[in-house]
Amino acid sequence: MDVEKEVVSYLHEYGNTKESDIINYGVEEFNYSSKRMKKVIKRMVIKGKIHFIVHSKLEPPPVYVSLREPLPPEIAKILIEAFIQMKAAEEDAQKILEEAAALAEQRIREKHSRTS
């Protein structure tokens with residue numbers, strides 16, 4: 001599992017998020033320690049995938065994590081629709097395979113019953 005991809009996916013879904021919430025997400029979802037999740041986040045900042053935002057008007061100033069370049073809403077909508085269509089096609093293909101397997105099993109039973 002690529003934790004960095006999961007973090008990016010999380011940020012796409014929920015937007016700017018407190019660093020502590022992302023760390024807790026990694027601890028719960030990936031069974032990482034908080035120290036290891038902090039390293040993942042710092043590595044992503046260094047790579048330029050995400051960046052920190054400090055909310056200086058609050059005390060103590062919380063640190064938020066944000067995507068470097070969030071997807072424009074129209075592109076995000078297109079990607080989500082494509083993903084939904086892909087999932088539907090996968091489900092349809094699975095149903096067809098299950099029906100074909102059941103039909104093949106039935107024909108095998110019929111063949112065996114005729115030869116016995």
# chains A, B, ... in the order shown; residues from 1 in each chain; ligands from 1
$ closest_atom_pairs --of "segment 31-83 of chain A" --to "segment 17-27 of chain A" --cutoff "8 Å" --atoms "only C-alpha atoms" --output "tab-separated table"
residue	atom	partner	partner_atom	distance
A:Asn31	CA	A:Val27	CA	4.9
A:Tyr32	CA	A:Val27	CA	4.6
A:Ser33	CA	A:Val27	CA	5.7
A:Ser34	CA	A:Ile23	CA	5.9
A:Met37	CA	A:Ile23	CA	5.5
A:Lys38	CA	A:Ile23	CA	6.6
A:Pro62	CA	A:Lys18	CA	7.0
A:Val63	CA	A:Glu19	CA	5.8
A:Tyr64	CA	A:Lys18	CA	4.1
A:Val65	CA	A:Thr17	CA	5.4
A:Ser66	CA	A:Thr17	CA	6.7
$ select_by_dssp --residues "segment 12-78 of chain A" --states "helix (DSSP H, G or I)" --output "JSON, numbers by chain"
{"A": [12, 13, 14, 19, 20, 21, 22, 23, 24, 25, 26, 27, 28, 29, 30, 34, 35, 36, 37, 38, 39, 40, 41, 42, 43, 44, 45, 46, 47, 73, 74, 75, 76, 77, 78]}
$ write_last_selection --atoms "N, CA and C atoms" --output "short mmCIF file (atom, residue, chain, number, x, y, z; two decimals), in the first residue's frame"
data_model
loop_
_atom_site.label_atom_id
_atom_site.label_comp_id
_atom_site.auth_asym_id
_atom_site.auth_seq_id
_atom_site.Cartn_x
_atom_site.Cartn_y
_atom_site.Cartn_z
N HIS A 12 -7.62 15.08 -1.20
CA HIS A 12 -8.53 15.38 -2.30
C HIS A 12 -9.97 15.32 -1.80
N GLU A 13 -10.24 14.34 -0.96
CA GLU A 13 -11.61 14.16 -0.48
C GLU A 13 -12.00 15.19 0.58
N TYR A 14 -11.11 15.49 1.52
CA TYR A 14 -11.47 16.33 2.65
C TYR A 14 -10.89 17.73 2.61
N GLU A 19 -2.62 18.78 10.56
CA GLU A 19 -1.55 17.79 10.50
C GLU A 19 -1.82 16.66 11.50
N SER A 20 -2.32 16.99 12.66
CA SER A 20 -2.59 15.97 13.68
C SER A 20 -3.65 14.98 13.21
N ASP A 21 -4.63 15.46 12.43
CA ASP A 21 -5.67 14.57 11.91
C ASP A 21 -5.10 13.61 10.86
N ILE A 22 -4.19 14.10 10.02
CA ILE A 22 -3.55 13.24 9.02
C ILE A 22 -2.70 12.19 9.73
N ILE A 23 -2.00 12.61 10.77
CA ILE A 23 -1.17 11.66 11.53
C ILE A 23 -2.05 10.59 12.15
N ASN A 24 -3.16 11.00 12.77
CA ASN A 24 -4.08 10.04 13.39
C ASN A 24 -4.68 9.10 12.34
N TYR A 25 -4.97 9.63 11.16
CA TYR A 25 -5.48 8.81 10.06
C TYR A 25 -4.48 7.71 9.71
N GLY A 26 -3.21 8.07 9.58
CA GLY A 26 -2.19 7.08 9.27
C GLY A 26 -2.00 6.05 10.37
N VAL A 27 -2.10 6.50 11.61
CA VAL A 27 -1.97 5.58 12.75
C VAL A 27 -3.10 4.56 12.73
N GLU A 28 -4.33 5.03 12.48
CA GLU A 28 -5.50 4.15 12.50
C GLU A 28 -5.59 3.27 11.25
N GLU A 29 -5.38 3.86 10.09
CA GLU A 29 -5.60 3.14 8.83
C GLU A 29 -4.44 2.24 8.43
N PHE A 30 -3.21 2.66 8.70
CA PHE A 30 -2.05 1.93 8.19
C PHE A 30 -1.22 1.31 9.30
N SER A 34 2.95 7.39 15.13
CA SER A 34 2.81 8.82 14.81
C SER A 34 4.14 9.37 14.30
N LYS A 35 5.25 8.87 14.83
CA LYS A 35 6.57 9.32 14.38
C LYS A 35 6.79 8.95 12.91
N ARG A 36 6.37 7.74 12.54
CA ARG A 36 6.53 7.31 11.15
C ARG A 36 5.63 8.13 10.22
N MET A 37 4.42 8.43 10.66
CA MET A 37 3.52 9.25 9.82
C MET A 37 4.07 10.65 9.64
N LYS A 38 4.68 11.21 10.70
CA LYS A 38 5.29 12.54 10.58
C LYS A 38 6.40 12.51 9.52
N LYS A 39 7.16 11.41 9.48
CA LYS A 39 8.22 11.29 8.47
C LYS A 39 7.62 11.21 7.07
N VAL A 40 6.51 10.49 6.92
CA VAL A 40 5.84 10.40 5.62
C VAL A 40 5.41 11.79 5.17
N ILE A 41 4.80 12.54 6.07
CA ILE A 41 4.32 13.89 5.74
C ILE A 41 5.49 14.80 5.37
N LYS A 42 6.55 14.76 6.16
CA LYS A 42 7.72 15.60 5.85
C LYS A 42 8.33 15.24 4.51
N ARG A 43 8.39 13.92 4.21
CA ARG A 43 8.93 13.48 2.92
C ARG A 43 8.06 14.02 1.77
N MET A 44 6.74 14.02 1.98
CA MET A 44 5.83 14.52 0.94
C MET A 44 6.00 16.02 0.75
N VAL A 45 6.28 16.75 1.84
CA VAL A 45 6.53 18.19 1.74
C VAL A 45 7.81 18.44 0.95
N ILE A 46 8.83 17.66 1.26
CA ILE A 46 10.12 17.81 0.56
C ILE A 46 9.95 17.51 -0.94
N LYS A 47 9.15 16.50 -1.25
CA LYS A 47 8.90 16.14 -2.65
C LYS A 47 8.01 17.16 -3.35
N PRO A 73 -12.39 21.88 -9.58
CA PRO A 73 -13.61 21.12 -9.33
C PRO A 73 -14.13 20.37 -10.56
N GLU A 74 -14.04 20.96 -11.74
CA GLU A 74 -14.56 20.29 -12.94
C GLU A 74 -13.74 19.03 -13.27
N ILE A 75 -12.43 19.09 -13.04
CA ILE A 75 -11.59 17.91 -13.30
C ILE A 75 -11.86 16.84 -12.24
N ALA A 76 -11.99 17.27 -11.00
CA ALA A 76 -12.28 16.32 -9.92
C ALA A 76 -13.60 15.61 -10.19
N LYS A 77 -14.60 16.35 -10.67
CA LYS A 77 -15.90 15.76 -10.97
C LYS A 77 -15.78 14.73 -12.09
N ILE A 78 -15.02 15.05 -13.13
CA ILE A 78 -14.81 14.12 -14.25
C ILE A 78 -14.12 12.86 -13.76
#
$ select_by_dssp --residues "segment 3-114 of chain A" --states "strand (DSSP E or B)" --output "NGL selection string"
:A and (17-18 or 50-54 or 63-67)
$ closest_residue --among "A:Ser113, A:Gln106, A:Asn16, A:Gln85" --to "Leu67 of chain A" --atoms "only C-alpha atoms"
A:Asn16
$ decode --residues "segment 3-14 of chain A" --atoms "all heavy atoms" --output "PDB file, in the first residue's frame"
ATOM      1  N   VAL A   3       1.226   4.707   1.127  1.00  0.00           N
ATOM      2  CA  VAL A   3       0.644   5.625   2.102  1.00  0.00           C
ATOM      3  C   VAL A   3       0.581   7.036   1.543  1.00  0.00           C
ATOM      4  O   VAL A   3      -0.398   7.755   1.773  1.00  0.00           O
ATOM      5  CB  VAL A   3       1.431   5.581   3.432  1.00  0.00           C
ATOM      6  CG1 VAL A   3       0.901   6.595   4.413  1.00  0.00           C
ATOM      7  CG2 VAL A   3       1.386   4.187   4.022  1.00  0.00           C
ATOM      8  N   GLU A   4       1.581   7.434   0.773  1.00  0.00           N
ATOM      9  CA  GLU A   4       1.573   8.782   0.201  1.00  0.00           C
ATOM     10  C   GLU A   4       0.365   8.976  -0.713  1.00  0.00           C
ATOM     11  O   GLU A   4      -0.290  10.019  -0.665  1.00  0.00           O
ATOM     12  CB  GLU A   4       2.869   9.058  -0.554  1.00  0.00           C
ATOM     13  CG  GLU A   4       4.059   9.223   0.352  1.00  0.00           C
ATOM     14  CD  GLU A   4       5.327   9.633  -0.378  1.00  0.00           C
ATOM     15  OE1 GLU A   4       5.232  10.102  -1.531  1.00  0.00           O
ATOM     16  OE2 GLU A   4       6.406   9.492   0.217  1.00  0.00           O
ATOM     17  N   LYS A   5       0.056   7.970  -1.531  1.00  0.00           N
ATOM     18  CA  LYS A   5      -1.116   8.070  -2.406  1.00  0.00           C
ATOM     19  C   LYS A   5      -2.392   8.159  -1.582  1.00  0.00           C
ATOM     20  O   LYS A   5      -3.324   8.880  -1.939  1.00  0.00           O
ATOM     21  CB  LYS A   5      -1.188   6.876  -3.350  1.00  0.00           C
ATOM     22  CG  LYS A   5      -0.196   6.931  -4.474  1.00  0.00           C
ATOM     23  CD  LYS A   5      -0.362   5.771  -5.412  1.00  0.00           C
ATOM     24  CE  LYS A   5       0.671   5.810  -6.523  1.00  0.00           C
ATOM     25  NZ  LYS A   5       0.551   4.669  -7.433  1.00  0.00           N
ATOM     26  N   GLU A   6      -2.445   7.422  -0.488  1.00  0.00           N
ATOM     27  CA  GLU A   6      -3.626   7.446   0.375  1.00  0.00           C
ATOM     28  C   GLU A   6      -3.788   8.814   1.042  1.00  0.00           C
ATOM     29  O   GLU A   6      -4.900   9.309   1.188  1.00  0.00           O
ATOM     30  CB  GLU A   6      -3.551   6.345   1.431  1.00  0.00           C
ATOM     31  CG  GLU A   6      -3.626   4.945   0.858  1.00  0.00           C
ATOM     32  CD  GLU A   6      -4.954   4.653   0.187  1.00  0.00           C
ATOM     33  OE1 GLU A   6      -6.007   5.121   0.648  1.00  0.00           O
ATOM     34  OE2 GLU A   6      -4.938   3.931  -0.835  1.00  0.00           O
ATOM     35  N   VAL A   7      -2.678   9.425   1.435  1.00  0.00           N
ATOM     36  CA  VAL A   7      -2.733  10.761   2.027  1.00  0.00           C
ATOM     37  C   VAL A   7      -3.233  11.767   0.998  1.00  0.00           C
ATOM     38  O   VAL A   7      -4.094  12.609   1.287  1.00  0.00           O
ATOM     39  CB  VAL A   7      -1.359  11.181   2.602  1.00  0.00           C
ATOM     40  CG1 VAL A   7      -1.332  12.658   2.962  1.00  0.00           C
ATOM     41  CG2 VAL A   7      -1.003  10.330   3.825  1.00  0.00           C
ATOM     42  N   VAL A   8      -2.714  11.675  -0.233  1.00  0.00           N
ATOM     43  CA  VAL A   8      -3.169  12.578  -1.298  1.00  0.00           C
ATOM     44  C   VAL A   8      -4.657  12.368  -1.552  1.00  0.00           C
ATOM     45  O   VAL A   8      -5.418  13.337  -1.686  1.00  0.00           O
ATOM     46  CB  VAL A   8      -2.340  12.372  -2.589  1.00  0.00           C
ATOM     47  CG1 VAL A   8      -2.974  13.079  -3.774  1.00  0.00           C
ATOM     48  CG2 VAL A   8      -0.909  12.858  -2.378  1.00  0.00           C
ATOM     49  N   SER A   9      -5.090  11.128  -1.594  1.00  0.00           N
ATOM     50  CA  SER A   9      -6.503  10.814  -1.804  1.00  0.00           C
ATOM     51  C   SER A   9      -7.355  11.406  -0.678  1.00  0.00           C
ATOM     52  O   SER A   9      -8.413  11.980  -0.916  1.00  0.00           O
ATOM     53  CB  SER A   9      -6.689   9.301  -1.870  1.00  0.00           C
ATOM     54  OG  SER A   9      -8.039   8.973  -2.014  1.00  0.00           O
ATOM     55  N   TYR A  10      -6.878  11.275   0.539  1.00  0.00           N
ATOM     56  CA  TYR A  10      -7.583  11.828   1.704  1.00  0.00           C
ATOM     57  C   TYR A  10      -7.720  13.346   1.559  1.00  0.00           C
ATOM     58  O   TYR A  10      -8.789  13.916   1.782  1.00  0.00           O
ATOM     59  CB  TYR A  10      -6.799  11.474   2.978  1.00  0.00           C
ATOM     60  CG  TYR A  10      -7.451  11.917   4.252  1.00  0.00           C
ATOM     61  CD1 TYR A  10      -8.265  11.074   4.976  1.00  0.00           C
ATOM     62  CD2 TYR A  10      -7.232  13.196   4.768  1.00  0.00           C
ATOM     63  CE1 TYR A  10      -8.860  11.473   6.167  1.00  0.00           C
ATOM     64  CE2 TYR A  10      -7.816  13.605   5.947  1.00  0.00           C
ATOM     65  CZ  TYR A  10      -8.630  12.730   6.645  1.00  0.00           C
ATOM     66  OH  TYR A  10      -9.213  13.144   7.817  1.00  0.00           O
ATOM     67  N   LEU A  11      -6.635  14.004   1.172  1.00  0.00           N
ATOM     68  CA  LEU A  11      -6.669  15.462   1.014  1.00  0.00           C
ATOM     69  C   LEU A  11      -7.558  15.884  -0.151  1.00  0.00           C
ATOM     70  O   LEU A  11      -8.194  16.942  -0.090  1.00  0.00           O
ATOM     71  CB  LEU A  11      -5.252  16.017   0.854  1.00  0.00           C
ATOM     72  CG  LEU A  11      -4.376  15.918   2.107  1.00  0.00           C
ATOM     73  CD1 LEU A  11      -2.934  16.305   1.782  1.00  0.00           C
ATOM     74  CD2 LEU A  11      -4.922  16.772   3.233  1.00  0.00           C
ATOM     75  N   HIS A  12      -7.622  15.078  -1.198  1.00  0.00           N
ATOM     76  CA  HIS A  12      -8.532  15.383  -2.303  1.00  0.00           C
ATOM     77  C   HIS A  12      -9.971  15.322  -1.799  1.00  0.00           C
ATOM     78  O   HIS A  12     -10.805  16.139  -2.186  1.00  0.00           O
ATOM     79  CB  HIS A  12      -8.362  14.394  -3.461  1.00  0.00           C
ATOM     80  CG  HIS A  12      -7.285  14.757  -4.414  1.00  0.00           C
ATOM     81  ND1 HIS A  12      -7.299  15.887  -5.182  1.00  0.00           N
ATOM     82  CD2 HIS A  12      -6.127  14.128  -4.716  1.00  0.00           C
ATOM     83  CE1 HIS A  12      -6.209  15.946  -5.911  1.00  0.00           C
ATOM     84  NE2 HIS A  12      -5.475  14.891  -5.655  1.00  0.00           N
ATOM     85  N   GLU A  13     -10.235  14.343  -0.959  1.00  0.00           N
ATOM     86  CA  GLU A  13     -11.608  14.159  -0.477  1.00  0.00           C
ATOM     87  C   GLU A  13     -12.003  15.189   0.575  1.00  0.00           C
ATOM     88  O   GLU A  13     -13.099  15.736   0.533  1.00  0.00           O
ATOM     89  CB  GLU A  13     -11.769  12.753   0.103  1.00  0.00           C
ATOM     90  CG  GLU A  13     -13.200  12.433   0.493  1.00  0.00           C
ATOM     91  CD  GLU A  13     -13.400  10.976   0.829  1.00  0.00           C
ATOM     92  OE1 GLU A  13     -12.522  10.149   0.532  1.00  0.00           O
ATOM     93  OE2 GLU A  13     -14.461  10.680   1.394  1.00  0.00           O
ATOM     94  N   TYR A  14     -11.112  15.488   1.518  1.00  0.00           N
ATOM     95  CA  TYR A  14     -11.474  16.335   2.651  1.00  0.00           C
ATOM     96  C   TYR A  14     -10.888  17.734   2.611  1.00  0.00           C
ATOM     97  O   TYR A  14     -11.263  18.579   3.418  1.00  0.00           O
ATOM     98  CB  TYR A  14     -11.076  15.652   3.963  1.00  0.00           C
ATOM     99  CG  TYR A  14     -11.800  14.345   4.173  1.00  0.00           C
ATOM    100  CD1 TYR A  14     -11.153  13.131   4.008  1.00  0.00           C
ATOM    101  CD2 TYR A  14     -13.152  14.330   4.501  1.00  0.00           C
ATOM    102  CE1 TYR A  14     -11.821  11.936   4.188  1.00  0.00           C
ATOM    103  CE2 TYR A  14     -13.825  13.140   4.678  1.00  0.00           C
ATOM    104  CZ  TYR A  14     -13.157  11.944   4.521  1.00  0.00           C
ATOM    105  OH  TYR A  14     -13.820  10.761   4.696  1.00  0.00           O
TER     106      TYR A  14
END
